[in-house]
Every structure is written in structure tokens, then in C-alpha cells.
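**Student:** I am sharing coords-v4.csv, which consists of CSV, C-alpha atoms:
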```
chain,number,residue,atom,x,y,z
A,1,MET,CA,16.3,-19.5,-16.8
A,2,LYS,CA,12.5,-20.0,-16.6
A,3,LYS,CA,10.4,-16.9,-16.5
A,4,ILE,CA,8.9,-16.5,-13.0
A,5,PRO,CA,5.3,-15.2,-13.0
A,6,GLY,CA,4.4,-12.2,-10.9
A,7,PRO,CA,2.4,-14.0,-8.1
A,8,SER,CA,5.2,-16.6,-7.7
A,9,LYS,CA,7.8,-13.7,-7.5
A,10,LYS,CA,5.7,-12.1,-4.7
A,11,ARG,CA,5.6,-15.4,-2.8
A,12,LEU,CA,9.3,-16.1,-3.3
A,13,PHE,CA,10.2,-12.7,-2.1
A,14,THR,CA,8.2,-13.2,1.0
A,15,LEU,CA,9.8,-16.7,1.4
A,16,ALA,CA,13.2,-15.1,1.2
A,17,ARG,CA,12.3,-12.8,4.1
A,18,LEU,CA,10.9,-15.7,6.1
A,19,LEU,CA,14.0,-17.8,5.5
A,20,SER,CA,16.3,-15.1,6.6
A,21,GLN,CA,14.5,-15.2,10.0
A,22,GLN,CA,14.9,-19.0,10.4
A,23,LYS,CA,17.5,-20.4,12.7
A,24,LYS,CA,17.3,-24.0,11.6
A,25,GLU,CA,19.3,-25.6,8.8
A,26,LYS,CA,16.6,-27.5,6.9
A,27,ILE,CA,13.0,-26.6,6.2
A,28,THR,CA,10.2,-28.7,4.5
A,29,SER,CA,7.4,-27.4,2.3
A,30,VAL,CA,5.0,-28.6,5.0
A,31,GLU,CA,6.7,-26.2,7.5
A,32,LEU,CA,6.8,-23.4,5.0
A,33,SER,CA,3.1,-24.0,4.4
A,34,ALA,CA,2.4,-23.7,8.1
A,35,LEU,CA,4.4,-20.5,8.3
A,36,THR,CA,2.8,-18.8,5.3
A,37,GLY,CA,-0.7,-20.3,5.1
A,38,TRP,CA,-0.1,-21.1,1.4
A,39,GLY,CA,-0.6,-24.7,0.0
A,40,GLU,CA,2.4,-27.0,0.0
A,41,ALA,CA,1.9,-27.7,-3.8
A,42,THR,CA,2.0,-23.9,-4.5
A,43,ILE,CA,5.2,-23.6,-2.5
A,44,ARG,CA,6.9,-26.6,-4.2
A,45,ARG,CA,5.8,-25.2,-7.6
A,46,ASP,CA,7.3,-21.8,-6.8
A,47,ILE,CA,10.5,-23.3,-5.7
A,48,SER,CA,10.7,-25.5,-8.8
A,49,LEU,CA,11.0,-22.3,-10.8
A,50,LEU,CA,14.4,-21.6,-9.2
A,51,GLU,CA,17.7,-23.1,-10.4
A,52,LEU,CA,18.1,-25.4,-7.4
A,53,HIS,CA,20.2,-28.5,-8.1
A,54,ASN,CA,19.8,-30.1,-4.6
A,55,GLY,CA,17.6,-33.1,-3.6
A,56,VAL,CA,14.8,-32.2,-1.3
A,57,SER,CA,14.1,-35.6,0.3
A,58,ASN,CA,14.4,-34.3,3.8
A,59,GLY,CA,13.6,-30.6,3.3
A,60,TYR,CA,15.3,-27.6,1.7
A,61,ASP,CA,18.6,-26.3,3.0
A,62,VAL,CA,17.5,-22.9,4.4
A,63,LYS,CA,20.6,-21.0,3.3
A,64,ILE,CA,20.8,-22.5,-0.2
A,65,LEU,CA,17.1,-21.9,-0.8
A,66,HIS,CA,17.4,-18.3,0.5
A,67,ASP,CA,20.4,-17.6,-1.8
A,68,ALA,CA,18.7,-19.2,-4.8
A,69,ILE,CA,15.6,-17.0,-4.4
A,70,CYS,CA,17.8,-13.8,-4.0
A,71,SER,CA,19.9,-14.6,-7.0
A,72,SER,CA,16.9,-15.4,-9.2
A,73,LEU,CA,15.0,-12.3,-8.1
A,74,GLN,CA,18.2,-10.3,-8.1
A,75,ILE,CA,17.8,-9.1,-4.6
A,76,ASN,CA,20.3,-8.6,-1.7
A,77,SER,CA,23.2,-8.4,-4.1
A,78,ASP,CA,25.4,-5.3,-4.3
A,79,GLN,CA,26.4,-6.0,-7.9
A,80,ALA,CA,22.8,-6.2,-9.1
A,81,GLU,CA,21.3,-3.0,-10.4
A,82,LYS,CA,18.5,-1.7,-8.2
A,83,HIS,CA,15.3,-0.3,-9.8
A,84,PRO,CA,14.9,3.4,-8.9
A,85,CYS,CA,11.5,4.3,-7.6
A,86,CYS,CA,9.7,7.3,-6.1
A,87,ILE,CA,6.8,8.2,-3.9
A,88,VAL,CA,4.4,10.8,-5.2
A,89,GLY,CA,2.3,12.6,-2.6
A,90,LEU,CA,3.7,13.0,0.9
A,91,GLY,CA,0.6,13.2,3.1
A,92,LYS,CA,0.4,11.0,6.1
A,93,LEU,CA,0.4,7.8,4.0
A,94,GLY,CA,3.2,8.9,1.7
A,95,GLU,CA,5.3,10.0,4.7
A,96,ALA,CA,4.7,6.7,6.4
A,97,LEU,CA,5.8,4.8,3.3
A,98,LEU,CA,8.8,7.0,3.0
A,99,GLU,CA,9.9,6.3,6.5
A,100,SER,CA,9.2,2.6,6.6
A,101,SER,CA,12.2,0.3,5.9
A,102,VAL,CA,10.1,-1.5,3.3
A,103,PHE,CA,12.6,-1.3,0.4
A,104,LYS,CA,15.5,-2.7,2.5
A,105,GLY,CA,16.7,-6.0,1.1
A,106,SER,CA,14.6,-5.6,-2.1
A,107,SER,CA,15.8,-4.9,-5.6
A,108,PHE,CA,14.2,-1.5,-5.5
A,109,GLU,CA,15.7,1.8,-4.3
A,110,LEU,CA,13.7,4.8,-3.2
A,111,VAL,CA,15.4,7.7,-4.8
A,112,ALA,CA,12.8,10.5,-4.6
A,113,GLY,CA,9.7,11.8,-2.9
A,114,PHE,CA,7.4,14.4,-4.6
A,115,ASP,CA,4.9,16.7,-3.1
A,116,THR,CA,3.2,19.9,-4.4
A,117,ASN,CA,3.8,21.6,-1.0
A,118,PHE,CA,7.2,23.4,-1.2
A,119,ASN,CA,7.1,24.1,2.5
A,120,LYS,CA,6.7,20.4,3.4
A,121,ILE,CA,9.6,19.4,1.2
A,122,GLU,CA,11.9,21.9,2.9
A,123,ILE,CA,10.8,21.0,6.4
A,124,MET,CA,10.5,17.2,6.2
A,125,LYS,CA,13.5,15.4,7.7
A,126,THR,CA,14.4,12.3,5.6
A,127,GLU,CA,17.4,10.7,3.9
A,128,ILE,CA,15.4,10.5,0.7
A,129,PRO,CA,15.8,13.5,-1.6
A,130,LEU,CA,12.5,15.4,-1.9
A,131,PHE,CA,11.3,17.5,-4.8
A,132,ALA,CA,8.4,19.7,-5.9
A,133,THR,CA,5.9,17.9,-8.1
A,134,LEU,CA,6.6,20.8,-10.5
A,135,ASP,CA,9.9,19.1,-11.3
A,136,LEU,CA,8.4,15.6,-11.6
A,137,GLU,CA,9.1,15.1,-15.3
A,138,LYS,CA,12.7,16.5,-15.1
A,139,LYS,CA,13.6,14.4,-12.0
A,140,ILE,CA,12.0,11.1,-13.2
A,141,ARG,CA,14.1,11.3,-16.3
A,142,SER,CA,17.4,12.4,-14.7
A,143,LEU,CA,17.1,9.8,-11.9
A,144,LYS,CA,15.9,7.2,-14.4
A,145,ILE,CA,13.0,6.3,-12.1
A,146,GLU,CA,11.1,3.2,-13.3
A,147,TYR,CA,8.4,2.7,-10.7
A,148,ALA,CA,6.2,5.0,-8.7
A,149,VAL,CA,4.2,4.7,-5.5
A,150,LEU,CA,1.1,6.9,-5.8
A,151,ALA,CA,-0.2,8.4,-2.5
A,152,VAL,CA,-1.8,11.6,-3.7
A,153,PRO,CA,-5.4,12.7,-2.9
A,154,ASP,CA,-8.0,10.5,-4.8
A,155,GLU,CA,-9.1,13.3,-7.1
A,156,LYS,CA,-5.5,13.9,-8.3
A,157,ALA,CA,-4.6,10.3,-8.8
A,158,GLN,CA,-5.5,9.9,-12.5
A,159,PHE,CA,-3.8,13.3,-13.4
A,160,MET,CA,-0.6,12.3,-11.6
A,161,ALA,CA,-0.7,8.8,-13.1
A,162,ASP,CA,-0.9,10.3,-16.6
A,163,ARG,CA,2.1,12.5,-15.9
A,164,LEU,CA,4.1,9.6,-14.6
A,165,ILE,CA,3.2,7.4,-17.6
A,166,ALA,CA,4.1,10.2,-20.0
A,167,CYS,CA,7.7,10.1,-18.4
A,168,GLY,CA,7.9,6.4,-19.2
A,169,ILE,CA,7.2,4.9,-15.7
A,170,ARG,CA,6.8,1.1,-16.0
A,171,GLY,CA,4.6,0.4,-13.0
A,172,ILE,CA,2.5,2.2,-10.3
A,173,VAL,CA,1.6,1.0,-6.9
A,174,ASN,CA,-1.6,2.8,-6.4
A,175,TYR,CA,-2.5,3.6,-2.7
A,176,THR,CA,-5.4,5.9,-3.6
A,177,ASN,CA,-9.0,5.0,-3.8
A,178,THR,CA,-9.2,5.9,-7.5
A,179,VAL,CA,-9.3,3.1,-10.1
A,180,LEU,CA,-6.6,4.2,-12.6
A,181,SER,CA,-7.0,4.0,-16.3
A,182,VAL,CA,-3.6,3.2,-17.9
A,183,PRO,CA,-2.1,1.8,-21.2
A,184,LYS,CA,-1.6,-1.9,-21.4
A,185,GLU,CA,2.2,-1.8,-21.1
A,186,VAL,CA,2.1,0.0,-17.7
A,187,ARG,CA,1.5,-2.3,-14.7
A,188,VAL,CA,-0.7,-1.0,-11.9
A,189,GLU,CA,-1.3,-2.7,-8.5
A,190,HIS,CA,-4.2,-1.2,-6.6
A,191,VAL,CA,-3.5,-1.4,-2.9
A,192,ASN,CA,-6.8,-0.7,-1.2
A,193,THR,CA,-7.8,-2.1,2.2
A,194,ALA,CA,-11.5,-2.5,1.3
A,195,VAL,CA,-10.6,-4.3,-1.9
A,196,ILE,CA,-8.3,-6.6,0.0
A,197,LEU,CA,-10.9,-7.3,2.7
A,198,THR,CA,-13.5,-8.0,0.0
A,199,GLY,CA,-11.2,-10.6,-1.5
A,200,MET,CA,-10.5,-12.4,1.8
A,201,CYS,CA,-14.1,-12.2,3.1
A,202,ALA,CA,-15.9,-15.6,3.1
A,203,CYS,CA,-19.3,-13.9,2.8
B,19,MET,CA,-25.5,-18.9,-6.2
B,20,LYS,CA,-22.0,-19.7,-7.4
B,21,LYS,CA,-19.2,-19.2,-4.9
B,22,ILE,CA,-17.0,-16.3,-6.1
B,23,PRO,CA,-13.2,-16.8,-5.5
B,24,GLY,CA,-11.2,-14.2,-3.7
B,25,PRO,CA,-9.3,-12.7,-6.7
B,26,SER,CA,-12.6,-12.4,-8.7
B,27,LYS,CA,-14.2,-10.7,-5.7
B,28,LYS,CA,-11.4,-8.1,-5.6
B,29,ARG,CA,-11.7,-7.4,-9.3
B,30,LEU,CA,-15.5,-7.2,-9.2
B,31,PHE,CA,-15.3,-4.8,-6.2
B,32,THR,CA,-13.0,-2.6,-8.3
B,33,LEU,CA,-15.3,-2.9,-11.3
B,34,ALA,CA,-18.2,-1.7,-9.2
B,35,ARG,CA,-16.2,1.4,-8.2
B,36,LEU,CA,-15.3,2.0,-11.8
B,37,LEU,CA,-18.9,1.5,-13.1
B,38,SER,CA,-20.2,4.0,-10.5
B,39,GLN,CA,-17.9,6.6,-12.1
B,40,GLN,CA,-19.2,5.9,-15.7
B,41,LYS,CA,-21.6,8.3,-17.4
B,42,LYS,CA,-22.5,6.1,-20.3
B,43,GLU,CA,-25.3,3.5,-20.4
B,44,LYS,CA,-23.5,0.5,-21.9
B,45,ILE,CA,-20.0,-0.8,-21.6
B,46,THR,CA,-18.2,-3.7,-23.3
B,47,SER,CA,-15.6,-6.1,-21.8
B,48,VAL,CA,-13.1,-4.5,-24.3
B,49,GLU,CA,-13.7,-1.1,-22.8
B,50,LEU,CA,-13.5,-2.5,-19.2
B,51,SER,CA,-10.2,-4.2,-20.2
B,52,ALA,CA,-8.8,-0.9,-21.4
B,53,LEU,CA,-9.9,0.8,-18.2
B,54,THR,CA,-8.5,-1.8,-15.8
B,55,GLY,CA,-5.6,-3.3,-17.7
B,56,TRP,CA,-7.1,-6.8,-17.1
B,57,GLY,CA,-7.7,-9.3,-19.9
B,58,GLU,CA,-11.1,-9.4,-21.5
B,59,ALA,CA,-11.5,-13.1,-20.8
B,60,THR,CA,-10.8,-12.5,-17.1
B,61,ILE,CA,-13.4,-9.8,-17.0
B,62,ARG,CA,-16.0,-11.9,-18.8
B,63,ARG,CA,-15.3,-14.9,-16.5
B,64,ASP,CA,-15.7,-12.7,-13.4
B,65,ILE,CA,-19.0,-11.3,-14.6
B,66,SER,CA,-20.2,-14.7,-15.5
B,67,LEU,CA,-20.1,-15.5,-11.8
B,68,LEU,CA,-22.8,-13.0,-11.1
B,69,GLU,CA,-26.5,-13.7,-11.5
B,70,LEU,CA,-27.0,-11.6,-14.6
B,71,HIS,CA,-29.9,-12.6,-16.9
B,72,ASN,CA,-29.3,-10.1,-19.6
B,73,GLY,CA,-27.8,-10.6,-23.1
B,74,VAL,CA,-24.4,-8.9,-23.7
B,75,SER,CA,-24.4,-8.7,-27.4
B,76,ASN,CA,-23.7,-5.0,-27.4
B,77,GLY,CA,-22.2,-4.5,-24.0
B,78,TYR,CA,-23.3,-4.7,-20.4
B,79,ASP,CA,-25.8,-2.2,-19.0
B,80,VAL,CA,-23.7,-0.2,-16.7
B,81,LYS,CA,-26.4,0.2,-14.0
B,82,ILE,CA,-27.5,-3.4,-14.1
B,83,LEU,CA,-24.0,-4.7,-13.9
B,84,HIS,CA,-23.1,-2.4,-11.1
B,85,ASP,CA,-26.2,-3.4,-9.1
B,86,ALA,CA,-25.5,-7.1,-9.8
B,87,ILE,CA,-22.0,-6.8,-8.4
B,88,CYS,CA,-23.1,-4.9,-5.3
B,89,SER,CA,-25.8,-7.4,-4.6
B,90,SER,CA,-23.6,-10.4,-5.0
B,91,LEU,CA,-20.8,-8.9,-2.9
B,92,GLN,CA,-23.4,-7.5,-0.5
B,93,ILE,CA,-22.1,-4.0,-0.7
B,94,ASN,CA,-23.8,-0.6,-0.8
B,95,SER,CA,-27.0,-2.0,0.6
B,96,ASP,CA,-28.3,-0.6,3.9
B,97,GLN,CA,-30.0,-3.9,4.8
B,98,ALA,CA,-26.9,-6.0,4.4
B,99,GLU,CA,-24.9,-6.5,7.6
B,100,LYS,CA,-21.5,-4.9,7.5
B,101,HIS,CA,-18.4,-6.7,8.8
B,102,PRO,CA,-17.0,-4.8,11.7
B,103,CYS,CA,-13.2,-4.2,11.4
B,104,CYS,CA,-10.5,-2.3,13.3
B,105,ILE,CA,-7.1,-0.8,12.8
B,106,VAL,CA,-4.4,-1.8,15.3
B,107,GLY,CA,-1.5,0.7,15.6
B,108,LEU,CA,-2.1,4.4,15.0
B,109,GLY,CA,1.3,5.6,13.8
B,110,LYS,CA,1.4,7.6,10.6
B,111,LEU,CA,0.3,4.7,8.5
B,112,GLY,CA,-2.5,3.7,10.8
B,113,GLU,CA,-3.7,7.3,11.1
B,114,ALA,CA,-3.7,7.7,7.3
B,115,LEU,CA,-5.7,4.5,6.9
B,116,LEU,CA,-8.1,5.6,9.6
B,117,GLU,CA,-8.7,9.0,7.9
B,118,SER,CA,-9.0,7.6,4.4
B,119,SER,CA,-12.5,7.0,3.1
B,120,VAL,CA,-11.4,3.6,2.0
B,121,PHE,CA,-14.3,1.7,3.7
B,122,LYS,CA,-17.0,3.9,2.1
B,123,GLY,CA,-19.3,1.9,-0.1
B,124,SER,CA,-17.7,-1.4,1.0
B,125,SER,CA,-19.3,-4.2,3.1
B,126,PHE,CA,-16.9,-3.3,5.9
B,127,GLU,CA,-17.3,-0.8,8.7
B,128,LEU,CA,-14.4,0.6,10.7
B,129,VAL,CA,-15.6,0.4,14.3
B,130,ALA,CA,-12.4,0.8,16.3
B,131,GLY,CA,-8.8,2.0,16.3
B,132,PHE,CA,-6.3,0.7,18.9
B,133,ASP,CA,-3.0,2.1,20.1
B,134,THR,CA,-0.8,1.6,23.1
B,135,ASN,CA,-0.3,5.3,23.6
B,136,PHE,CA,-3.1,6.6,25.9
B,137,ASN,CA,-2.2,10.2,25.1
B,138,LYS,CA,-2.6,9.7,21.4
B,139,ILE,CA,-6.0,8.1,21.8
B,140,GLU,CA,-7.2,11.1,23.8
B,141,ILE,CA,-5.8,13.7,21.5
B,142,MET,CA,-6.6,12.3,18.1
B,143,LYS,CA,-9.6,13.8,16.4
B,144,THR,CA,-11.6,11.2,14.5
B,145,GLU,CA,-15.1,9.9,14.2
B,146,ILE,CA,-13.9,6.3,14.8
B,147,PRO,CA,-13.9,5.3,18.5
B,148,LEU,CA,-10.3,4.8,19.7
B,149,PHE,CA,-9.2,2.4,22.5
B,150,ALA,CA,-6.1,1.4,24.4
B,151,THR,CA,-4.5,-1.8,23.2
B,152,LEU,CA,-4.9,-2.9,26.8
B,153,ASP,CA,-8.6,-3.3,26.1
B,154,LEU,CA,-8.1,-5.1,22.7
B,155,GLU,CA,-9.6,-8.4,23.7
B,156,LYS,CA,-12.6,-6.9,25.5
B,157,LYS,CA,-13.5,-4.5,22.7
B,158,ILE,CA,-13.0,-7.0,19.8
B,159,ARG,CA,-15.5,-9.3,21.5
B,160,SER,CA,-18.0,-6.6,22.5
B,161,LEU,CA,-17.9,-4.9,19.1
B,162,LYS,CA,-17.9,-8.3,17.3
B,163,ILE,CA,-14.9,-7.3,15.2
B,164,GLU,CA,-14.2,-9.8,12.5
B,165,TYR,CA,-11.3,-8.3,10.5
B,166,ALA,CA,-8.2,-6.3,11.6
B,167,VAL,CA,-5.8,-4.0,9.7
B,168,LEU,CA,-2.4,-4.3,11.3
B,169,ALA,CA,-0.1,-1.2,11.3
B,170,VAL,CA,2.0,-1.7,14.4
B,171,PRO,CA,5.8,-1.6,14.4
B,172,ASP,CA,7.4,-4.6,12.7
B,173,GLU,CA,8.7,-6.1,15.9
B,174,LYS,CA,5.3,-6.2,17.5
B,175,ALA,CA,3.4,-7.6,14.5
B,176,GLN,CA,3.5,-11.3,15.4
B,177,PHE,CA,2.6,-10.6,19.1
B,178,MET,CA,-0.4,-8.5,18.1
B,179,ALA,CA,-1.5,-10.9,15.4
B,180,ASP,CA,-1.5,-13.7,18.1
B,181,ARG,CA,-3.7,-11.6,20.3
B,182,LEU,CA,-6.1,-10.8,17.5
B,183,ILE,CA,-6.3,-14.5,16.5
B,184,ALA,CA,-6.9,-15.5,20.1
B,185,CYS,CA,-10.0,-13.3,20.0
B,186,GLY,CA,-11.4,-15.0,16.9
B,187,ILE,CA,-10.4,-12.5,14.2
B,188,ARG,CA,-11.0,-14.1,10.8
B,189,GLY,CA,-8.6,-12.1,8.6
B,190,ILE,CA,-5.7,-9.6,8.9
B,191,VAL,CA,-4.6,-7.1,6.4
B,192,ASN,CA,-0.9,-6.9,7.3
B,193,TYR,CA,0.7,-3.5,6.6
B,194,THR,CA,3.9,-4.3,8.5
B,195,ASN,CA,7.1,-5.8,7.1
B,196,THR,CA,6.8,-8.9,9.2
B,197,VAL,CA,5.8,-12.2,7.6
B,198,LEU,CA,3.1,-13.4,10.0
B,199,SER,CA,2.7,-17.0,11.1
B,200,VAL,CA,-1.0,-17.8,11.5
B,201,PRO,CA,-3.3,-20.8,11.7
B,202,LYS,CA,-4.8,-22.1,8.4
B,203,GLU,CA,-8.3,-20.8,9.2
B,204,VAL,CA,-7.2,-17.2,9.5
B,205,ARG,CA,-6.7,-15.3,6.2
B,206,VAL,CA,-3.7,-12.9,6.0
B,207,GLU,CA,-3.0,-10.5,3.1
B,208,HIS,CA,0.5,-9.0,3.3
B,209,VAL,CA,0.5,-5.4,1.9
B,210,ASN,CA,4.1,-4.6,1.3
B,211,THR,CA,5.2,-2.1,-1.3
B,212,ALA,CA,8.5,-4.1,-2.0
B,213,VAL,CA,6.6,-7.4,-2.4
B,214,ILE,CA,4.1,-5.7,-4.8
B,215,LEU,CA,6.9,-4.1,-6.8
B,216,THR,CA,8.7,-7.5,-7.0
B,217,GLY,CA,5.6,-9.1,-8.4
B,218,MET,CA,5.1,-6.5,-11.1
B,219,CYS,CA,8.7,-6.1,-12.1
B,220,ALA,CA,9.6,-7.6,-15.4
B,221,CYS,CA,13.3,-8.1,-14.4
```
Output the file's structure as C-alpha cells, nothing else.
**Tutor:**
Amino acid sequence: MKKIPGPSKKRLFTLARLLSQQKKEKITSVELSALTGWGEATIRRDISLLELHNGVSNGYDVKILHDAICSSLQINSDQAEKHPCCIVGLGKLGEALLESSVFKGSSFELVAGFDTNFNKIEIMKTEIPLFATLDLEKKIRSLKIEYAVLAVPDEKAQFMADRLIACGIRGIVNYTNTVLSVPKEVRVEHVNTAVILTGMCAC
Amino acid sequence: MKKIPGPSKKRLFTLARLLSQQKKEKITSVELSALTGWGEATIRRDISLLELHNGVSNGYDVKILHDAICSSLQINSDQAEKHPCCIVGLGKLGEALLESSVFKGSSFELVAGFDTNFNKIEIMKTEIPLFATLDLEKKIRSLKIEYAVLAVPDEKAQFMADRLIACGIRGIVNYTNTVLSVPKEVRVEHVNTAVILTGMCAC
């Protein structure tokens, strides 16, 4: 199977969500372009990375395309192993991320939340197991956590990232305002509203 | 001046933040690569888009590089006009985004928060003016809001996006789980932890 690059994976994952909302049987790249705002060529190239053996003369079969994306991204399948991840820092943002159904239907499973505040961990009502940051290293290893969502105060971001990396974390989704310094083998995606706005601004 | 593409703008904005934290006078693309995890070629190409007239034989001058980025992205300057933006939906996530200092030092200014809950708007303590979603159209026009951060419940996302677009909003940072359908001229960036993780996952 062809290796799918990160940006294509992101788009395909979004496409899978979009397709699961469609009621029609066939869909063309022109229609997908209108729904997503991405170029038709980009969409066709992304789809060409999948193992699809069907003609596309009059559009893609919605169900077949959806299933092909899911199988190649290993999502939505009970057999597929899910990647365990955690949220570090349970302030308002961390709490909101914990409560959102964002991991549903993805190949990731939220298995832990960490906060320094013992009180908060005891009081918070959630189905996700919560632990004290004191036990971070122990729990990351025992739960085999691979990815972390970082939502701690800005001034603690680098310190916590260093601790996560020392435990062997493979990727960090960084919701803080701190630019993290990490080794090359660790992936970081910086989610920052101002950075995103700067990228989309036509100024 | 050369037109800077969106992804380069995002990286340059992050570089500017990083440079403002540096204490040394000179920095090389190799060092910047180690700090950010991006390739050296990418960093040099991004910087080549700026109007920099200095040699780089022994690294970039940190202050000159920082100022060149700020001036070309029109950030950090009091003269430069800031782009007014708003947050729609003040649940936990919206509140967290409202309170974070994320817009500081950017070319964006948060000028309004909207929520359907009148009570919440009255009670919430914040320096940002809050309004009822009922007044969305009126306020977006009077405050000349250009960009919106969408943090409403998933099932209301498309409806609110349609209202925002009807008011002439140019871009939406979408923090919901809904894939938005928008006209070509409106930019949307979907911030979704599962999508981001899918993109970075080596599976």
C-alpha cells in the first residue's frame, strides 16, 4: 500500500466524516470540492492514494469510498488497534476537550487525563480515568499512551513536553501558546487560533 | 513585495514568537530547525519571502529577522490596523479561548463574544464585550468583524456558519466536530484534535 502523507490523511479523515453524513449514493470530486472548499485535483489525488478498484466516470460510490478511507486509515474498525492518548492539563480548555466527542470514530482512544490539582481529579465527573500529574510517567507507560494533547498553562508547556517525551510519547497536539522545542522524532502540531488566523488572512 | 502563502505565514508567525523568546544575537536555520522540528530548507525558503537585505553567512540577526517577520505579517505594530474577530459559542471551549492570551501580539483583535444564553453573557467576567447571538448580524456589521472562531455545539455549527457568512465574514476557525460547507471565497480551518492526530500518526 502507498504511504499516505500527513496532510492527505487529515483531508481523507475529514472526507470520511463528510461521507458518513451524505444520503446520496454517488458523489463527484466537484461536489466534494464544493462541500470542503478544497481543489478538485487535491481531492482526486488524495483518493488516488487509496486502494480503490472502481471506475469513477460518474462519481465515487459514497459507501465504497467511505469504507476505503476507513480501512486505509484504520478507523471505525473494532479489530483495529486504537492508539491510546491522553490530555495533560484539565483547565477549561482541557476539560472541554475531554468532554467533546472528538475522538469518536477515529483511530485514537482517550485513556487518561492528567492534572496537578488532586481536588479537581476527585471532583470532576467524566468517564475518562483521571490521574495526578505526579503519576504521569507511571501511567503513560502502564497504559501504553502514544500521543498527548497538551493544555497546561503556557509557562509549564515545555517542562511537561519534556516529561512526556522522556516517557516515549510519539506526538503532541499543543494547545498552549508556547512554541515547543522537541527532538526530531517527536511530532508536534501547534494548535493556536492566532497562528491559524494568520495563515488564512489575505493581508 | 512577494505574496506569502498561508502555510509559510503560519510558520513565520510561530518563528516570530520563538525569536522573541531568544536571548542570543544570531541564530542559524539549523538552530531554528532544531527548535521547531521543521526542515532547514523550509525555514530558509520561508525567510527568503521576507524583505531581508542582510547576509546570512553566520546566521540571522535575531532582532532584524524578528522585525522583518512582524513588518511583513503586519503584527506587533501599533500603526497597523488589526483585524477584528469574534468567538461564537461560549461553552467551556469558547470561554477558554476567550480567556487565553492567544491574540496578544498578533494582527487580530478579539472584539466580541456571542452566546445564546443571556444569563451567561451577563454573569461572565471578561474584558471582551459579550452579546446575545440574537444580535449577531447587527454587531458583526457595526464592529466590522472579519473573522470568527466557531465553538458552538456540533449540531448548530452549519447554521451559525451560514449566518456568519451572510454577514460577510471572511474566515472561520472551526473548533466544532462538524465539517462545514461554505462558499469558495470563505476560508475555513477545521481545528479538530482527532483530525490533527490522524495527520501526525505514522500508522
**Student:** When you draw a straight line from CA of Ile64 (chain A) to CA of Ser101 (chain A), how long is it in Å?
**Tutor:**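 About the pair CA of Ile64 (chain A) and CA of Ser101 (chain A): they are 25.1 Å apart.
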**Student:** Would you mind listing what lies within 6 Å of region 172-186 of chain B as number ranges by chain, with only C-alpha atoms counted and same-chain residues fewer than 6 positions away left out?
**Tutor:** B: 194-196, 198
**Student:** Hey, list the chain B side of the contact with chain A: 7 Å cut-off, only C-alpha atoms, answer as a PyMOL selection string.
**Tutor:** chain B and resi 24-25+27-28+31+36+53-55+110-111+114+120-121+124+195+197+199-200+202+205+211-214+216-218
**Student:** What is the CA of Val152 (chain A)-CA of Val88 (chain A) distance in Å, reported with one decimal?
**Tutor:**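 These atoms are spaced 6.4 Å apart.
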**Student:** When you look at Lys157 (chain B) with a cut-off of 10 Å (counting all atoms listed in the file), what residues show up, excluding the ones that are within fewer than 5 positions of it in the same chain? I need them as a VMD selection string.
**Tutor:** chain B and resid 129 to 130 132 149 to 152 162 to 163 185
**Student:** Please report the interatomic distance between CA of Leu128 (chain B) and CA of Met142 (chain B) in Å with one decimal.
**Tutor:**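 Straight-line distance from CA of Leu128 (chain B) to CA of Met142 (chain B) works out to 15.9 Å.
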**Student:** With distances taken over all atoms listed in the file, which residue among A:Ser29, A:Asn117, A:Ser142, A:Gln22 lies nearest Asn58 (chain A)?
**Tutor:**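 Closest candidate: A:Ser29.
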**Student:** Show me, as a ChimeraX atom specification, the residues that have an atom within 10 Å of Val48 (chain B) when counting all atoms listed in the file, minus same-chain residues fewer than 6 positions from it.
**Tutor:** /B:56-59,61-62,77
**Student:** Could you work out an axis-aligned box for region 85-90 of chain B, taking every atom the file lists and adding 3 Å on each side, and report centre and edge lengths in Å to one decimal, as AutoDock Vina command-line options?
**Tutor:**
```
--center_x -24.1 --center_y -6.9 --center_z -7.2 --size_x 10.2 --size_y 13.0 --size_z 11.2
```
